[in-house]
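**Student:** Following this line is upload.txt, made up of compact mmCIF, C-alpha atoms and all ligand atoms:
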```txt
# COMPACT_ATOMS: atom_id res chain seq x y z
CA MET A 1 124.62 147.90 -108.99
CA LEU A 2 124.89 148.97 -112.67
CA GLN A 3 127.07 146.14 -114.05
CA GLY A 4 126.13 145.36 -117.65
CA LYS A 5 124.41 148.71 -118.14
CA THR A 6 125.64 151.46 -120.44
CA ALA A 7 125.49 155.15 -119.57
CA LEU A 8 125.94 157.92 -122.13
CA VAL A 9 126.72 161.28 -120.54
CA THR A 10 126.79 164.33 -122.81
CA GLY A 11 129.35 167.03 -122.02
CA SER A 12 131.30 164.66 -119.82
CA THR A 13 134.90 165.72 -120.51
CA SER A 14 134.64 168.25 -117.67
CA GLY A 15 132.82 169.33 -114.54
CA ILE A 16 129.45 167.88 -113.57
CA GLY A 17 129.21 165.48 -116.54
CA LEU A 18 132.56 163.91 -115.70
CA GLY A 19 131.54 163.66 -112.02
CA ILE A 20 128.31 161.85 -112.95
CA ALA A 21 130.13 159.57 -115.43
CA LYS A 22 132.62 158.58 -112.70
CA ALA A 23 129.87 157.89 -110.14
CA LEU A 24 128.00 155.66 -112.63
CA ALA A 25 131.27 153.89 -113.57
CA GLN A 26 131.93 153.27 -109.86
CA GLN A 27 128.63 151.35 -109.87
CA GLY A 28 129.87 149.23 -112.79
CA ALA A 29 128.23 150.95 -115.80
CA ASN A 30 130.10 151.15 -119.08
CA ILE A 31 130.40 154.76 -120.17
CA VAL A 32 130.14 156.72 -123.40
CA LEU A 33 131.82 160.10 -122.93
CA ASN A 34 131.15 163.19 -125.04
CA GLY A 35 132.40 166.77 -125.04
CA PHE A 36 135.28 168.97 -126.12
CA GLY A 37 138.79 169.70 -124.81
CA ASP A 38 140.95 166.96 -123.28
CA THR A 39 139.31 163.63 -124.06
CA GLN A 40 142.20 161.28 -123.21
CA GLY A 41 142.40 162.23 -119.51
CA PRO A 42 138.68 161.64 -118.78
CA GLN A 43 138.74 158.34 -120.73
CA ALA A 44 141.73 157.16 -118.65
CA GLU A 45 139.98 158.19 -115.39
CA ILE A 46 136.91 156.11 -116.31
CA ALA A 47 138.95 153.12 -117.55
CA ALA A 48 140.82 153.12 -114.21
CA LEU A 49 137.48 152.33 -112.52
CA GLY A 50 137.45 148.96 -114.32
CA VAL A 51 134.63 149.55 -116.81
CA LYS A 52 134.59 149.92 -120.59
CA VAL A 53 134.72 153.45 -121.93
CA ALA A 54 134.16 154.93 -125.38
CA TYR A 55 134.18 158.52 -126.60
CA HIS A 56 132.17 160.34 -129.28
CA GLY A 57 132.86 163.98 -130.13
CA ALA A 58 129.37 164.97 -131.33
CA ASP A 59 128.67 168.68 -131.25
CA MET A 60 125.43 168.79 -129.26
CA SER A 61 124.18 171.77 -131.24
CA LYS A 62 123.84 169.53 -134.32
CA ALA A 63 121.03 166.97 -134.68
CA SER A 64 122.94 164.90 -137.26
CA GLU A 65 125.95 164.56 -134.93
CA ILE A 66 123.70 163.56 -132.00
CA GLU A 67 122.17 160.88 -134.25
CA ALA A 68 125.66 159.62 -135.12
CA MET A 69 126.62 159.55 -131.41
CA MET A 70 123.54 157.55 -130.41
CA LYS A 71 124.19 155.06 -133.23
CA PHE A 72 127.86 154.80 -132.18
CA ALA A 73 126.80 154.06 -128.57
CA ALA A 74 124.36 151.35 -129.65
CA ASP A 75 126.91 149.80 -132.05
CA THR A 76 129.62 149.83 -129.36
CA PHE A 77 127.68 148.62 -126.30
CA GLY A 78 124.36 147.23 -127.61
CA ARG A 79 122.15 149.97 -126.24
CA VAL A 80 122.06 153.02 -123.98
CA ASP A 81 120.37 152.19 -120.66
CA ILE A 82 121.13 155.47 -118.91
CA LEU A 83 121.12 158.80 -120.75
CA VAL A 84 122.42 161.85 -118.94
CA ASN A 85 121.67 165.06 -120.84
CA ASN A 86 124.28 167.33 -119.33
CA ALA A 87 126.13 169.35 -122.01
CA GLY A 88 125.61 173.04 -121.47
CA ILE A 89 127.03 176.51 -121.95
CA GLN A 90 126.35 179.92 -120.43
CA HIS A 91 126.37 183.54 -121.60
CA VAL A 92 125.64 186.50 -119.35
CA ALA A 93 124.18 189.74 -120.80
CA LYS A 94 121.02 191.85 -120.59
CA ILE A 95 118.28 190.85 -123.05
CA GLU A 96 118.71 193.92 -125.25
CA ASP A 97 122.45 193.24 -125.51
CA PHE A 98 122.20 189.45 -125.79
CA PRO A 99 123.99 188.25 -128.96
CA VAL A 100 121.40 186.44 -131.10
CA GLU A 101 123.96 183.79 -132.04
CA ARG A 102 124.59 183.04 -128.30
CA TRP A 103 120.83 182.73 -127.68
CA ASP A 104 120.54 180.21 -130.52
CA ALA A 105 123.58 178.25 -129.32
CA ILE A 106 122.34 178.05 -125.72
CA ILE A 107 118.86 176.87 -126.74
CA ALA A 108 120.40 174.29 -129.10
CA ILE A 109 123.01 172.90 -126.69
CA ASN A 110 121.19 173.25 -123.34
CA LEU A 111 117.66 172.30 -124.48
CA THR A 112 117.20 170.95 -128.01
CA SER A 113 120.06 168.44 -127.65
CA ALA A 114 118.17 166.79 -124.76
CA PHE A 115 115.11 166.36 -126.99
CA HIS A 116 117.19 164.74 -129.74
CA ALA A 117 119.12 162.37 -127.46
CA THR A 118 115.92 161.45 -125.60
CA ARG A 119 113.88 160.68 -128.73
CA LEU A 120 116.73 158.51 -130.02
CA ALA A 121 117.31 156.67 -126.72
CA LEU A 122 113.68 155.90 -125.86
CA PRO A 123 112.87 153.06 -128.33
CA ALA A 124 115.60 150.72 -126.99
CA MET A 125 114.84 151.65 -123.37
CA LYS A 126 111.15 150.91 -123.87
CA ALA A 127 111.93 147.61 -125.62
CA ALA A 128 114.04 146.59 -122.60
CA ASN A 129 111.42 148.03 -120.20
CA TRP A 130 114.23 149.69 -118.24
CA GLY A 131 115.86 153.03 -118.69
CA ARG A 132 116.93 156.16 -116.88
CA ILE A 133 116.97 159.61 -118.43
CA ILE A 134 118.57 162.21 -116.21
CA ASN A 135 118.49 165.81 -117.36
CA VAL A 136 121.00 168.14 -115.76
CA ALA A 137 118.86 171.27 -115.57
CA SER A 138 119.75 173.89 -112.98
CA ILE A 139 118.25 175.93 -110.24
CA HIS A 140 117.64 178.20 -113.23
CA GLY A 141 115.10 175.64 -114.38
CA LEU A 142 113.04 176.71 -111.33
CA VAL A 143 113.85 180.38 -110.75
CA GLY A 144 115.35 183.22 -112.78
CA SER A 145 118.43 185.41 -112.45
CA ALA A 146 119.04 188.68 -114.28
CA GLU A 147 121.24 188.59 -117.40
CA LYS A 148 120.72 184.86 -117.99
CA SER A 149 117.69 184.94 -120.30
CA ALA A 150 118.73 182.18 -122.71
CA TYR A 151 120.05 179.91 -119.97
CA VAL A 152 116.97 180.34 -117.75
CA ALA A 153 114.61 179.83 -120.71
CA ALA A 154 116.50 176.69 -121.80
CA LYS A 155 116.64 175.23 -118.28
CA HIS A 156 112.92 175.87 -117.63
CA GLY A 157 112.41 174.08 -120.95
CA VAL A 158 114.51 171.14 -119.74
CA VAL A 159 112.36 170.83 -116.61
CA GLY A 160 109.25 170.82 -118.82
CA LEU A 161 110.73 168.22 -121.16
CA THR A 162 111.59 166.11 -118.11
CA LYS A 163 107.95 166.10 -116.95
CA VAL A 164 106.60 165.16 -120.39
CA THR A 165 109.20 162.40 -120.85
CA ALA A 166 108.29 161.03 -117.42
CA LEU A 167 104.56 161.11 -118.18
CA GLU A 168 104.78 159.52 -121.61
CA ASN A 169 106.66 156.57 -120.06
CA ALA A 170 104.98 156.45 -116.67
CA THR A 171 103.68 152.88 -117.04
CA THR A 172 107.07 151.56 -118.20
CA GLY A 173 110.39 150.90 -116.51
CA VAL A 174 111.78 154.09 -118.03
CA THR A 175 112.03 157.06 -115.67
CA CYS A 176 113.05 160.64 -116.36
CA ASN A 177 114.11 163.19 -113.77
CA ALA A 178 115.98 166.47 -113.64
CA ILE A 179 118.82 167.53 -111.37
CA CYS A 180 118.85 171.20 -110.40
CA PRO A 181 122.22 172.25 -108.96
CA GLY A 182 122.95 175.63 -107.45
CA TRP A 183 126.56 176.86 -107.81
CA VAL A 184 129.10 174.16 -108.72
CA LEU A 185 132.71 175.30 -109.11
CA THR A 186 133.36 174.07 -112.67
CA PRO A 187 134.96 175.95 -115.61
CA LEU A 188 131.44 177.25 -116.50
CA VAL A 189 131.18 179.01 -113.14
CA GLN A 190 134.86 179.94 -112.79
CA LYS A 191 134.34 182.22 -115.84
CA GLN A 192 131.61 184.04 -113.89
CA VAL A 193 133.87 184.24 -110.81
CA ASP A 194 136.63 185.73 -112.98
CA ALA A 195 134.22 188.28 -114.51
CA LYS A 196 133.04 189.32 -111.03
CA ALA A 197 136.62 189.60 -109.76
CA VAL A 198 137.52 191.94 -112.63
CA ALA A 199 134.29 193.99 -112.46
CA MET A 200 134.48 194.50 -108.68
CA GLY A 201 138.25 194.50 -108.20
CA LEU A 202 138.10 191.39 -105.99
CA SER A 203 140.44 188.45 -105.44
CA ASN A 204 139.38 185.01 -106.69
CA GLU A 205 138.41 183.96 -103.13
CA GLU A 206 136.44 187.17 -102.48
CA ALA A 207 134.61 186.84 -105.81
CA LYS A 208 133.62 183.23 -105.00
CA LYS A 209 132.32 184.32 -101.59
CA GLN A 210 130.35 187.16 -103.18
CA LEU A 211 128.81 184.79 -105.74
CA LEU A 212 127.68 182.37 -103.00
CA GLN A 213 126.46 185.16 -100.72
CA GLU A 214 124.07 186.46 -103.40
CA LYS A 215 122.19 183.17 -103.81
CA GLU A 216 123.30 180.21 -101.75
CA PRO A 217 122.59 180.26 -97.98
CA SER A 218 124.90 177.30 -97.28
CA MET A 219 127.84 179.38 -98.60
CA GLN A 220 129.14 176.15 -100.13
CA PHE A 221 129.48 174.97 -103.71
CA THR A 222 127.74 171.68 -104.59
CA THR A 223 130.31 169.20 -105.96
CA PRO A 224 130.23 167.02 -109.10
CA GLU A 225 130.71 164.03 -106.76
CA GLU A 226 127.53 164.88 -104.81
CA LEU A 227 125.59 165.29 -108.06
CA GLY A 228 127.00 161.95 -109.24
CA GLU A 229 125.58 160.25 -106.13
CA LEU A 230 122.15 161.76 -106.87
CA ALA A 231 122.32 160.33 -110.39
CA VAL A 232 123.21 156.94 -108.90
CA PHE A 233 120.12 157.16 -106.70
CA PHE A 234 117.89 157.85 -109.72
CA CYS A 235 119.39 154.71 -111.32
CA SER A 236 118.80 152.54 -108.24
CA ALA A 237 115.74 150.36 -107.58
CA ALA A 238 114.67 152.92 -104.97
CA GLY A 239 114.29 155.36 -107.86
CA ASN A 240 111.81 153.15 -109.75
CA ASN A 241 108.86 155.40 -109.02
CA VAL A 242 110.61 158.77 -108.91
CA ARG A 243 109.22 160.30 -112.11
CA GLY A 244 109.32 163.83 -113.44
CA ALA A 245 111.06 165.31 -110.41
CA ALA A 246 113.17 168.45 -110.60
CA TRP A 247 115.46 167.77 -107.68
CA ASN A 248 117.46 170.66 -106.30
CA MET A 249 120.90 170.40 -104.72
CA ASP A 250 121.35 174.08 -104.14
CA GLY A 251 122.42 174.89 -100.57
CA GLY A 252 119.00 176.39 -99.87
CA TRP A 253 118.87 178.72 -102.93
CA THR A 254 115.21 177.97 -103.75
CA ALA A 255 114.10 177.63 -100.14
CA GLN A 256 114.31 181.43 -99.77
P1 LIG A 301 131.67 172.61 -117.89
O1 LIG A 301 131.97 173.78 -118.75
O2 LIG A 301 132.66 172.14 -116.89
O3 LIG A 301 131.27 171.35 -118.78
C1 LIG A 301 130.46 171.46 -119.90
C2 LIG A 301 130.66 170.23 -120.75
O4 LIG A 301 129.85 170.36 -121.93
C3 LIG A 301 132.10 170.07 -121.24
O5 LIG A 301 132.41 168.69 -121.31
C4 LIG A 301 132.04 170.66 -122.65
O6 LIG A 301 133.06 170.15 -123.52
C5 LIG A 301 130.67 170.20 -123.07
N1 LIG A 301 130.12 170.95 -124.19
C6 LIG A 301 129.96 172.29 -124.32
N2 LIG A 301 129.44 172.58 -125.53
C7 LIG A 301 129.25 171.39 -126.16
C8 LIG A 301 128.75 171.01 -127.42
N3 LIG A 301 128.33 171.93 -128.33
N4 LIG A 301 128.71 169.70 -127.74
C9 LIG A 301 129.15 168.76 -126.88
N5 LIG A 301 129.64 169.06 -125.66
C10 LIG A 301 129.69 170.35 -125.31
O7 LIG A 301 130.29 172.99 -117.19
P2 LIG A 301 129.46 172.33 -115.99
O8 LIG A 301 129.32 173.37 -114.95
O9 LIG A 301 129.98 170.99 -115.61
O10 LIG A 301 128.04 172.19 -116.70
C11 LIG A 301 127.42 170.96 -116.99
C12 LIG A 301 125.92 171.13 -116.94
O11 LIG A 301 125.53 171.49 -115.62
C13 LIG A 301 125.40 172.24 -117.87
O12 LIG A 301 124.19 171.82 -118.47
C14 LIG A 301 125.14 173.38 -116.90
O13 LIG A 301 124.14 174.25 -117.37
C15 LIG A 301 124.68 172.62 -115.68
N6 LIG A 301 124.78 173.36 -114.42
C16 LIG A 301 125.96 173.86 -113.97
C17 LIG A 301 125.98 174.56 -112.78
C18 LIG A 301 127.24 175.12 -112.21
O14 LIG A 301 127.17 175.86 -111.21
N7 LIG A 301 128.41 174.79 -112.72
C19 LIG A 301 124.81 174.75 -112.04
C20 LIG A 301 123.62 174.23 -112.54
C21 LIG A 301 123.61 173.53 -113.73
```
Output the structure of this file as structure tokens.
Ligand code: NAD
**Tutor:**
Amino acid sequence: MLQGKTALVTGSTSGIGLGIAKALAQQGANIVLNGFGDTQGPQAEIAALGVKVAYHGADMSKASEIEAMMKFAADTFGRVDILVNNAGIQHVAKIEDFPVERWDAIIAINLTSAFHATRLALPAMKAANWGRIINVASIHGLVGSAEKSAYVAAKHGVVGLTKVTALENATTGVTCNAICPGWVLTPLVQKQVDAKAVAMGLSNEEAKKQLLQEKEPSMQFTTPEELGELAVFFCSAAGNNVRGAAWNMDGGWTAQ
């Protein structure tokens, strides 16, 4: 379905970003990966799906590096047809204890990076009259949780940016939508499981159950594979007129 298209997924060396990159590659899209940590393993996983893969190590907190990454993607594959703004970090603390430097980093990586990548991707998408911008927000783009002020503020911002991007391009073939996952068991969440296990003297399994019990009626984690399939839907022809949605995949979290 996506042969000949190029997808750039930020923060795709791990977790949800890697899951979405794989799902798009399975549909034939060439992939530009980005993120820290092991970069060889994810590149090999994508190449094994029979598409072209490239990697750029831009730090998403830096506008100049995002500009370099977007230029690299265009130079390598011609243009970016599908942009998935996914890179994100978390920090958990009460507002009065929240380290100012962590606030700034979360706003930069989780919100401002999506603005930069979007503004740089739009001209080529509009010229081609086809494009998909998928913002990985969170259920925290729709509701709050205590001790996550920066993350919740950034993710609500991402949902707002999604709506404006959709509206400004509503008469074109460029759509923009947000994905709002509940708990997904990635390294970002495992850190919170570990913190809960230590704080409450629980085993890993008990801490996971406790985490789900607090918020997610299904008592199941959403998987990167399921989120990848949702991204594929947004890229399909059936998604042509899905614009500005903030689509939850949250086991009933926001239905409560
Ligand atoms: P993860 O920690 O597994 O992956 C995060 C990715 O972002 C990694 O590839 C990491 O290298 C990259 N990254 C971090 N800082 C970066 C930076 N400065 N520049 C470039 N890349 C950077 O986490 P995840 O759970 O897969 O999170 C991915 C996205 O999904 C985030 O935006 C997160 O907020 C969102 N999300 C996660 C959950 C969840 O339960 N895990 C739920 C809702 C939304």
**Student:** Could you tell me which of A:Ser61, A:Asn30, A:Gln3, A:Gln210 comes closest to Thr76 in chain A if we count all atoms listed in the file?
**Tutor:**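 Answer, going by the shortest atom-to-atom distance: A:Asn30.
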**Student:** At a cut-off of 6 Å, can you tabulate as CSV every residue of chain A near ligand LIG 301 (chain A) together with its closest atom pair and the distance in Å to one decimal, using all atoms listed in the file and ordering rows by chain then number?
**Tutor:**
```
residue,atom,partner,partner_atom,distance
A:Gly11,CA,A:LIG301,O4,3.4
A:Ser12,CA,A:LIG301,O5,4.4
A:Thr13,CA,A:LIG301,O5,4.0
A:Ser14,CA,A:LIG301,O5,4.3
A:Gly15,CA,A:LIG301,O9,3.5
A:Ile16,CA,A:LIG301,O9,3.8
A:Gly17,CA,A:LIG301,O9,5.6
A:Gly35,CA,A:LIG301,N5,3.6
A:Phe36,CA,A:LIG301,O6,3.6
A:Gly37,CA,A:LIG301,O6,5.9
A:Ala58,CA,A:LIG301,C9,5.8
A:Asp59,CA,A:LIG301,N4,3.7
A:Met60,CA,A:LIG301,N4,3.7
A:Ser61,CA,A:LIG301,N3,5.1
A:Asn86,CA,A:LIG301,O12,4.6
A:Ala87,CA,A:LIG301,O4,3.9
A:Gly88,CA,A:LIG301,O12,3.5
A:Ile89,CA,A:LIG301,C6,5.7
A:Ile109,CA,A:LIG301,N3,5.7
A:Asn110,CA,A:LIG301,O12,5.9
A:Val136,CA,A:LIG301,O12,5.6
A:Ala137,CA,A:LIG301,C21,5.6
A:Ser138,CA,A:LIG301,C20,3.9
A:Pro181,CA,A:LIG301,C20,4.3
A:Gly182,CA,A:LIG301,C19,5.0
A:Trp183,CA,A:LIG301,O14,3.6
A:Val184,CA,A:LIG301,O14,3.6
A:Leu185,CA,A:LIG301,N7,5.6
A:Thr186,CA,A:LIG301,O8,4.7
A:Pro187,CA,A:LIG301,O2,4.6
A:Leu188,CA,A:LIG301,O1,4.2
A:Val189,CA,A:LIG301,N7,5.1
```
**Student:** Might you pull out every residue within 6 Å of range 215-231 of chain A, with all atoms listed in the file counted and same-chain residues fewer than 3 positions away left off, and present them as a PyMOL selection string?
**Tutor:** chain A and resi 16+19-20+23+183-184+212+234+251-253
**Student:** Give me, please, the distance in Å between CA of Ser113 in chain A and CA of His156 in chain A, quoted to one decimal.
**Tutor:**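 It comes out at 14.4 Å.
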**Student:** Excluding Trp103 in chain A and residues on its chain fewer than 6 positions from it, collect all residues at most 10 Å away from it, counting all atoms listed in the file, and give them as a count of residues only.
**Tutor:** 9
